[in-house]
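Structure file coords_28.csv; described as CSV, C-alpha atoms.
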```csv
chain,number,residue,atom,x,y,z
A,39,MET,CA,64.4,97.8,44.7
A,40,ALA,CA,68.1,97.7,43.6
A,41,LYS,CA,70.7,98.5,46.2
A,42,THR,CA,73.6,100.7,45.0
A,43,ALA,CA,76.7,102.1,46.5
A,44,THR,CA,79.5,104.5,45.3
A,45,LEU,CA,82.9,103.1,46.3
A,46,MET,CA,86.6,103.6,45.7
A,47,LEU,CA,88.9,101.0,44.2
A,48,GLN,CA,91.8,100.2,46.5
A,49,GLN,CA,95.2,98.5,45.9
A,50,TRP,CA,95.4,95.0,47.2
A,51,GLY,CA,98.8,93.5,46.3
A,52,ASN,CA,99.0,93.6,42.5
A,53,SER,CA,95.2,93.7,42.2
A,54,LEU,CA,92.4,96.2,42.7
A,55,ALA,CA,89.8,95.6,45.4
A,56,VAL,CA,86.4,97.0,46.4
A,57,ARG,CA,84.3,96.0,49.5
A,58,ILE,CA,80.7,95.0,49.0
A,59,PRO,CA,78.6,96.9,51.5
A,60,SER,CA,76.4,94.8,53.8
A,61,ALA,CA,73.1,96.2,52.4
A,62,VAL,CA,74.2,95.3,48.8
A,63,ALA,CA,75.4,91.8,49.8
A,64,LYS,CA,72.2,91.1,51.8
A,65,SER,CA,70.0,92.2,48.9
A,66,VAL,CA,71.6,89.5,46.6
A,67,GLY,CA,72.0,86.8,49.4
A,68,PHE,CA,75.8,86.8,49.5
A,69,LYS,CA,77.3,85.2,52.6
A,70,VAL,CA,80.8,85.2,54.1
A,71,GLY,CA,83.0,82.5,52.6
A,72,GLN,CA,80.8,82.0,49.6
A,73,PRO,CA,82.5,81.4,46.3
A,74,VAL,CA,81.8,84.0,43.6
A,75,GLU,CA,82.7,84.4,39.9
A,76,VAL,CA,83.9,87.9,38.8
A,77,SER,CA,83.5,88.6,35.1
A,78,ALA,CA,83.9,91.7,32.8
A,79,GLN,CA,81.1,92.6,30.4
A,80,ASP,CA,81.8,95.6,28.3
A,81,SER,CA,82.6,98.4,30.8
A,82,ALA,CA,80.8,96.6,33.7
A,83,VAL,CA,82.0,94.1,36.3
A,84,LEU,CA,79.6,91.3,37.3
A,85,VAL,CA,79.9,89.4,40.6
A,86,THR,CA,77.9,86.2,40.7
A,87,ALA,CA,77.5,83.6,43.5
A,88,ILE,CA,78.5,80.1,42.2
A,89,GLY,CA,78.0,78.0,45.3
A,90,GLU,CA,77.3,77.8,49.0
A,91,PRO,CA,79.8,79.0,51.7
A,92,LYS,CA,82.2,76.4,53.0
A,93,LEU,CA,81.6,75.5,56.6
A,94,THR,CA,84.2,76.3,59.3
A,95,LEU,CA,85.6,73.6,61.6
A,96,ALA,CA,83.4,74.9,64.4
A,97,GLN,CA,80.3,74.7,62.2
A,98,LYS,CA,81.2,71.1,61.1
A,99,LEU,CA,81.7,70.0,64.7
A,100,ALA,CA,78.4,71.5,65.8
A,101,LEU,CA,76.7,69.4,63.1
A,102,PHE,CA,78.4,66.2,64.1
A,103,ASP,CA,76.0,63.6,65.5
A,104,PRO,CA,77.7,60.6,67.2
A,105,ASP,CA,74.5,58.5,67.0
A,106,ARG,CA,74.3,59.1,63.2
A,107,HIS,CA,78.0,58.5,62.6
A,108,GLY,CA,78.2,55.4,64.8
A,109,GLY,CA,80.5,56.9,67.4
A,110,GLU,CA,83.4,55.3,65.6
A,111,VAL,CA,85.8,58.3,65.8
A,112,MET,CA,88.0,56.6,68.3
A,113,ALA,CA,88.1,52.8,68.8
A,114,ILE,CA,89.1,51.8,72.3
A,115,ALA,CA,89.0,48.0,71.9
A,116,ARG,CA,91.6,45.9,70.0
A,117,VAL,CA,90.5,44.7,66.7
A,118,GLY,CA,93.5,42.6,65.6
A,119,SER,CA,97.0,42.1,67.0
A,120,GLU,CA,97.7,45.8,67.8
A,121,VAL,CA,100.2,46.5,70.5
A,122,LEU,CA,99.0,49.1,73.0
```

Starting from the file, give its structure as structure tokens.
Amino acid sequence: MAKTATLMLQQWGNSLAVRIPSAVAKSVGFKVGQPVEVSAQDSAVLVTAIGEPKLTLAQKLALFDPDRHGGEVMAIARVGSEVL
């Protein structure tokens, strides 16, 4: 069943903006931070997801596995003729 909402356009800088209600966003699988494409077709506006959301730094750090990445983030032994 299609989700619909009646909304008001708002001024946002030099542009017009509308918020996508949670129920509508969930029904099409939109996520925070997800890139979308907005296009005009006749008198309708179409918003289409074009990729996955970008991860935040906290999310990237939570996924970091030192065993998988070799623990090489910070070398503590001299490799060459470095002065410490």

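The nearest approach to Pro59 (chain A) among the residues A:Val74, A:Val83, A:Ala43, A:Ala100, with only C-alpha atoms taken into account, belongs to A:Ala43.
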
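One finds CA of Gly51 (chain A) at 17.6 Å from CA of Val76 (chain A).
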
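Between Thr86 (chain A) and the candidates A:Gly118, A:Gly67, A:Gln48, A:Val56, the tightest atom-to-atom separation, counting all atoms listed in the file, involves A:Gly67.
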
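With all atoms listed in the file as the atoms that count, the minimum distance from Gly71 (chain A) to the choices A:Leu93, A:Val85, A:Val121, A:Leu99 is reached by A:Leu93.
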
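The coordinates place CA of Val70 (chain A) at 18.6 Å from CA of Leu101 (chain A).
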
Would you compute an axis-aligned box for region 76-91 of chain A, covering every atom listed for it in the file with 5 Å of margin on each side, and report centre and edge lengths in Å to one decimal as AutoDock Vina command-line options?
```
--center_x 80.6 --center_y 88.1 --center_z 40.0 --size_x 16.6 --size_y 30.6 --size_z 33.4
```
